[in-house]
Amino acid sequence: MNKKMVVITGSPRKNGNSFAMTDAFMKAAESKGHTVTRFDAAMMNIGGCRACETCFKTGKACSFDDDFNRIAQAVLEADAVIFTMPVYWYSIPAQMKGVIDRLYSLVVGGKDIAGKECALIACCEEEDLTVLDGVRIPMERTAALIKWKMVGEVLVPGVLHAGDIEKTDGCKRAAALADAF
């Protein structure tokens, strides 16, 4: 079955390692007939959640109208959401965190988002795979909270400089992740 997918990236480096894995995933997913919409959060105007609890009161996911509302609409319509990012200081990059925090608006707004599939593609500089826990654990818990099925994770340590991903199987694994959908 062809699915409607939303890919949300959290890196500001267009030629970086997480973007290379994102591109590999998207190419594989599209070759399988899936429709993929991509949002590069670091290149968008997205603020953090202000906890005002006025979600959908204006007809949009967030009363503070910025680029998140475009992402929210696409997420509502999607069958699957794929998050891709590097690890920044042992955690989720701020560019992605604003998006994740504001998914709250879909819950407060009473939107039926349960049952979607999701996946995580992430990389980090250090060789220690546990460094990715700062991204992996919050994403797994987010999926569980909003009742999304985490269908796969591609976690690649030991990449810092643009192109380092080519010394790993990260892009191959990201492309193979498309088979999980």
# chains A, B, ... in the order shown; residues from 1 in each chain; ligands from 1

call {"tool": "select_by_dssp", "arguments": {"residues": "region 1-160 of chain A", "states": "helix (DSSP H, G or I)", "output": "MDAnalysis selection string"}}
result
chainID A and resid 17:31 41:43 68:77 94:102 104:108 129:145

call {"tool": "residues_around", "arguments": {"residues": "region 44-59 of chain A", "least_positions_apart": "6", "cutoff": "12 Å", "atoms": "only C-alpha atoms", "output": "NGL selection string"}}
result
:A and (8-12 or 38 or 65-73 or 94-111)

call {"tool": "residues_around", "arguments": {"residues": "Cys124 (chain A)", "least_positions_apart": "6", "cutoff": "6 Å", "atoms": "only C-alpha atoms", "output": "VMD selection string"}}
result
chain A and resid 86 to 87 157 159

call {"tool": "atom_distance", "arguments": {"atom1": "CA of Asp40 (chain A)", "atom2": "CA of Val75 (chain A)"}}
result
14.0 Å

call {"tool": "atom_distance", "arguments": {"atom1": "CA of Leu132 (chain A)", "atom2": "CA of Phe181 (chain A)"}}
result
22.9 Å

call {"tool": "atom_distance", "arguments": {"atom1": "CA of Met5 (chain A)", "atom2": "CA of Val154 (chain A)"}}
result
16.9 Å

call {"tool": "residues_around", "arguments": {"residues": "Lys149 (chain A)", "least_positions_apart": "4", "cutoff": "8 Å", "atoms": "only C-alpha atoms", "output": "PyMOL selection string"}}
result
chain A and resi 115-118+143-144

call {"tool": "write_last_selection", "arguments": {"atoms": "N, CA and C atoms", "output": "mmCIF file, in the first residue's frame"}}
result
data_model
loop_
_atom_site.group_PDB
_atom_site.id
_atom_site.type_symbol
_atom_site.label_atom_id
_atom_site.label_comp_id
_atom_site.auth_asym_id
_atom_site.auth_seq_id
_atom_site.Cartn_x
_atom_site.Cartn_y
_atom_site.Cartn_z
ATOM 1 N N GLY A 115 -2.259 5.855 15.617
ATOM 2 C CA GLY A 115 -2.176 4.847 14.576
ATOM 3 C C GLY A 115 -1.222 5.157 13.443
ATOM 4 N N LYS A 116 -0.622 6.328 13.454
ATOM 5 C CA LYS A 116 0.362 6.639 12.413
ATOM 6 C C LYS A 116 1.630 5.827 12.670
ATOM 7 N N GLU A 117 2.402 5.641 11.628
ATOM 8 C CA GLU A 117 3.712 5.014 11.767
ATOM 9 C C GLU A 117 4.753 6.122 11.816
ATOM 10 N N CYS A 118 5.879 5.825 12.456
ATOM 11 C CA CYS A 118 6.964 6.793 12.485
ATOM 12 C C CYS A 118 8.297 6.069 12.511
ATOM 13 N N ALA A 143 6.417 8.762 20.482
ATOM 14 C CA ALA A 143 5.609 7.843 19.667
ATOM 15 C C ALA A 143 4.626 7.066 20.542
ATOM 16 N N ALA A 144 5.102 6.564 21.666
ATOM 17 C CA ALA A 144 4.224 5.795 22.559
ATOM 18 C C ALA A 144 3.099 6.671 23.116
#

call {"tool": "residues_around", "arguments": {"residues": "region 28-32 of chain A", "least_positions_apart": "5", "cutoff": "12 Å", "atoms": "only C-alpha atoms", "output": "list in words"}}
result
Met1, Asn2, Lys3, Lys4, Met5, Val6, Val7, Met21, Thr22, Asp23, Thr37, Arg38, Ala80, Ile82, Cys171, Lys172, Arg173, Ala174, Ala175, Ala176, Leu177, Ala178, Asp179, Ala180 and Phe181 of chain A

call {"tool": "write_last_selection", "arguments": {"atoms": "C-alpha atoms", "output": "mmCIF file, in the first residue's frame"}}
result
data_model
loop_
_atom_site.group_PDB
_atom_site.id
_atom_site.type_symbol
_atom_site.label_atom_id
_atom_site.label_comp_id
_atom_site.auth_asym_id
_atom_site.auth_seq_id
_atom_site.Cartn_x
_atom_site.Cartn_y
_atom_site.Cartn_z
ATOM 1 C CA MET A 1 0.000 0.000 0.000
ATOM 2 C CA ASN A 2 1.357 3.399 -0.956
ATOM 3 C CA LYS A 3 1.576 5.750 1.976
ATOM 4 C CA LYS A 4 1.629 9.476 2.466
ATOM 5 C CA MET A 5 4.839 10.261 4.353
ATOM 6 C CA VAL A 6 6.128 13.388 6.015
ATOM 7 C CA VAL A 7 9.869 13.696 6.580
ATOM 8 C CA MET A 21 20.590 9.634 5.060
ATOM 9 C CA THR A 22 17.338 11.565 4.601
ATOM 10 C CA ASP A 23 17.906 11.738 0.852
ATOM 11 C CA THR A 37 6.713 15.572 1.700
ATOM 12 C CA ARG A 38 9.818 17.024 3.318
ATOM 13 C CA ALA A 80 3.809 8.041 8.468
ATOM 14 C CA ILE A 82 9.961 10.243 9.718
ATOM 15 C CA CYS A 171 22.714 5.703 3.848
ATOM 16 C CA LYS A 172 22.203 2.053 2.943
ATOM 17 C CA ARG A 173 20.388 1.443 6.238
ATOM 18 C CA ALA A 174 18.276 4.602 5.768
ATOM 19 C CA ALA A 175 17.241 3.420 2.300
ATOM 20 C CA ALA A 176 16.396 -0.019 3.703
ATOM 21 C CA LEU A 177 14.175 1.636 6.332
ATOM 22 C CA ALA A 178 11.718 2.401 3.529
ATOM 23 C CA ASP A 179 10.992 -1.362 3.436
ATOM 24 C CA ALA A 180 9.479 -1.123 6.945
ATOM 25 C CA PHE A 181 6.519 0.895 5.660
#

call {"tool": "residues_around", "arguments": {"residues": "Asp128 (chain A)", "least_positions_apart": "5", "cutoff": "12 Å", "atoms": "only C-alpha atoms", "output": "list in words"}}
result
Tyr90, Cys123, Asp133, Leu155, Val156, Pro157, Gly158 and Val159 of chain A

call {"tool": "write_last_selection", "arguments": {"atoms": "N, CA and C atoms", "output": "mmCIF file, in the first residue's frame"}}
result
data_model
loop_
_atom_site.group_PDB
_atom_site.id
_atom_site.type_symbol
_atom_site.label_atom_id
_atom_site.label_comp_id
_atom_site.auth_asym_id
_atom_site.auth_seq_id
_atom_site.Cartn_x
_atom_site.Cartn_y
_atom_site.Cartn_z
ATOM 1 N N TYR A 90 24.127 16.076 22.995
ATOM 2 C CA TYR A 90 23.527 14.885 23.608
ATOM 3 C C TYR A 90 22.002 14.911 23.608
ATOM 4 N N CYS A 123 22.184 10.688 13.683
ATOM 5 C CA CYS A 123 23.627 10.423 13.715
ATOM 6 C C CYS A 123 24.277 11.343 14.738
ATOM 7 N N ASP A 133 21.072 8.072 22.617
ATOM 8 C CA ASP A 133 19.941 7.899 23.534
ATOM 9 C C ASP A 133 19.200 9.213 23.787
ATOM 10 N N LEU A 155 20.422 4.559 13.520
ATOM 11 C CA LEU A 155 21.245 5.345 14.444
ATOM 12 C C LEU A 155 22.709 5.115 14.089
ATOM 13 N N VAL A 156 23.392 6.196 13.706
ATOM 14 C CA VAL A 156 24.760 6.074 13.212
ATOM 15 C C VAL A 156 25.698 6.960 14.030
ATOM 16 N N PRO A 157 26.588 6.349 14.815
ATOM 17 C CA PRO A 157 27.586 7.127 15.549
ATOM 18 C C PRO A 157 28.838 7.354 14.693
ATOM 19 N N GLY A 158 29.694 8.242 15.158
ATOM 20 C CA GLY A 158 31.011 8.416 14.561
ATOM 21 C C GLY A 158 31.065 9.229 13.290
ATOM 22 N N VAL A 159 30.094 10.137 13.084
ATOM 23 C CA VAL A 159 30.133 10.993 11.898
ATOM 24 C C VAL A 159 30.004 12.449 12.333
#

call {"tool": "closest_residue", "arguments": {"among": "A:Asp169, A:Asp79, A:Asp164, A:Glu153", "to": "Leu120 (chain A)", "atoms": "only C-alpha atoms"}}
result
A:Glu153

call {"tool": "select_by_dssp", "arguments": {"residues": "region 2-180 of chain A", "states": "strand (DSSP E or B)", "output": "ChimeraX atom specification"}}
result
/A:4-9,35-40,80-86,88,91,117-123,149-156

call {"tool": "write_last_selection", "arguments": {"atoms": "N, CA and C atoms", "output": "mmCIF file, in the first residue's frame"}}
result
data_model
loop_
_atom_site.group_PDB
_atom_site.id
_atom_site.type_symbol
_atom_site.label_atom_id
_atom_site.label_comp_id
_atom_site.auth_asym_id
_atom_site.auth_seq_id
_atom_site.Cartn_x
_atom_site.Cartn_y
_atom_site.Cartn_z
ATOM 1 N N LYS A 4 1.304 8.055 2.464
ATOM 2 C CA LYS A 4 1.629 9.476 2.466
ATOM 3 C C LYS A 4 2.574 9.693 3.642
ATOM 4 N N MET A 5 3.807 10.093 3.327
ATOM 5 C CA MET A 5 4.839 10.261 4.353
ATOM 6 C C MET A 5 5.249 11.713 4.490
ATOM 7 N N VAL A 6 5.555 12.082 5.723
ATOM 8 C CA VAL A 6 6.128 13.388 6.015
ATOM 9 C C VAL A 6 7.501 13.144 6.631
ATOM 10 N N VAL A 7 8.510 13.764 6.047
ATOM 11 C CA VAL A 7 9.869 13.696 6.580
ATOM 12 C C VAL A 7 10.194 15.069 7.145
ATOM 13 N N ILE A 8 10.623 15.094 8.410
ATOM 14 C CA ILE A 8 10.989 16.345 9.070
ATOM 15 C C ILE A 8 12.452 16.244 9.465
ATOM 16 N N THR A 9 13.255 17.172 8.947
ATOM 17 C CA THR A 9 14.680 17.170 9.262
ATOM 18 C C THR A 9 14.990 18.220 10.322
ATOM 19 N N THR A 35 4.320 8.642 -1.329
ATOM 20 C CA THR A 35 4.380 10.081 -1.543
ATOM 21 C C THR A 35 5.090 10.685 -0.340
ATOM 22 N N VAL A 36 6.145 11.434 -0.587
ATOM 23 C CA VAL A 36 6.957 11.971 0.502
ATOM 24 C C VAL A 36 6.981 13.494 0.434
ATOM 25 N N THR A 37 6.619 14.122 1.553
ATOM 26 C CA THR A 37 6.713 15.572 1.700
ATOM 27 C C THR A 37 7.776 15.850 2.750
ATOM 28 N N ARG A 38 8.686 16.739 2.432
ATOM 29 C CA ARG A 38 9.818 17.024 3.318
ATOM 30 C C ARG A 38 9.730 18.443 3.864
ATOM 31 N N PHE A 39 10.043 18.558 5.147
ATOM 32 C CA PHE A 39 10.145 19.861 5.808
ATOM 33 C C PHE A 39 11.511 19.937 6.478
ATOM 34 N N ASP A 40 12.301 20.923 6.110
ATOM 35 C CA ASP A 40 13.607 21.150 6.732
ATOM 36 C C ASP A 40 13.422 22.198 7.823
ATOM 37 N N ALA A 80 2.540 8.282 7.782
ATOM 38 C CA ALA A 80 3.809 8.041 8.468
ATOM 39 C C ALA A 80 4.603 9.334 8.577
ATOM 40 N N VAL A 81 5.346 9.460 9.681
ATOM 41 C CA VAL A 81 6.192 10.628 9.922
ATOM 42 C C VAL A 81 7.589 10.129 10.249
ATOM 43 N N ILE A 82 8.576 10.649 9.527
ATOM 44 C CA ILE A 82 9.961 10.243 9.718
ATOM 45 C C ILE A 82 10.730 11.461 10.208
ATOM 46 N N PHE A 83 11.400 11.308 11.335
ATOM 47 C CA PHE A 83 12.200 12.376 11.926
ATOM 48 C C PHE A 83 13.665 12.073 11.654
ATOM 49 N N THR A 84 14.386 13.048 11.099
ATOM 50 C CA THR A 84 15.816 12.857 10.848
ATOM 51 C C THR A 84 16.583 14.016 11.466
ATOM 52 N N MET A 85 17.698 13.679 12.122
ATOM 53 C CA MET A 85 18.436 14.739 12.816
ATOM 54 C C MET A 85 19.807 14.262 13.284
ATOM 55 N N PRO A 86 20.702 15.216 13.494
ATOM 56 C CA PRO A 86 21.933 14.917 14.215
ATOM 57 C C PRO A 86 21.688 15.076 15.712
ATOM 58 N N TYR A 88 22.696 17.047 18.955
ATOM 59 C CA TYR A 88 23.356 18.294 19.361
ATOM 60 C C TYR A 88 23.464 18.292 20.879
ATOM 61 N N SER A 91 21.418 15.672 22.687
ATOM 62 C CA SER A 91 19.965 15.793 22.685
ATOM 63 C C SER A 91 19.445 16.132 21.289
ATOM 64 N N GLU A 117 2.402 5.641 11.628
ATOM 65 C CA GLU A 117 3.712 5.014 11.767
ATOM 66 C C GLU A 117 4.753 6.122 11.816
ATOM 67 N N CYS A 118 5.879 5.825 12.456
ATOM 68 C CA CYS A 118 6.964 6.793 12.485
ATOM 69 C C CYS A 118 8.297 6.069 12.511
ATOM 70 N N ALA A 119 9.345 6.837 12.244
ATOM 71 C CA ALA A 119 10.695 6.281 12.255
ATOM 72 C C ALA A 119 11.663 7.403 12.611
ATOM 73 N N LEU A 120 12.850 6.996 12.984
ATOM 74 C CA LEU A 120 13.905 7.930 13.374
ATOM 75 C C LEU A 120 15.177 7.615 12.614
ATOM 76 N N ILE A 121 15.783 8.644 12.052
ATOM 77 C CA ILE A 121 17.096 8.553 11.419
ATOM 78 C C ILE A 121 17.961 9.596 12.109
ATOM 79 N N ALA A 122 19.044 9.159 12.758
ATOM 80 C CA ALA A 122 19.869 10.108 13.518
ATOM 81 C C ALA A 122 21.335 9.693 13.474
ATOM 82 N N CYS A 123 22.184 10.688 13.683
ATOM 83 C CA CYS A 123 23.627 10.423 13.715
ATOM 84 C C CYS A 123 24.277 11.343 14.738
ATOM 85 N N LYS A 149 3.206 4.032 15.897
ATOM 86 C CA LYS A 149 4.016 2.823 15.862
ATOM 87 C C LYS A 149 5.401 3.162 15.312
ATOM 88 N N MET A 150 6.428 2.999 16.151
ATOM 89 C CA MET A 150 7.805 3.213 15.719
ATOM 90 C C MET A 150 8.216 1.985 14.903
ATOM 91 N N VAL A 151 8.342 2.162 13.601
ATOM 92 C CA VAL A 151 8.633 1.014 12.741
ATOM 93 C C VAL A 151 10.121 0.777 12.514
ATOM 94 N N GLY A 152 10.952 1.747 12.879
ATOM 95 C CA GLY A 152 12.377 1.531 12.711
ATOM 96 C C GLY A 152 13.202 2.733 13.097
ATOM 97 N N GLU A 153 14.469 2.451 13.335
ATOM 98 C CA GLU A 153 15.434 3.494 13.695
ATOM 99 C C GLU A 153 16.750 3.199 12.989
ATOM 100 N N VAL A 154 17.342 4.239 12.445
ATOM 101 C CA VAL A 154 18.689 4.151 11.894
ATOM 102 C C VAL A 154 19.526 5.113 12.727
ATOM 103 N N LEU A 155 20.422 4.559 13.520
ATOM 104 C CA LEU A 155 21.245 5.345 14.444
ATOM 105 C C LEU A 155 22.709 5.115 14.089
ATOM 106 N N VAL A 156 23.392 6.196 13.706
ATOM 107 C CA VAL A 156 24.760 6.074 13.212
ATOM 108 C C VAL A 156 25.698 6.960 14.030
#
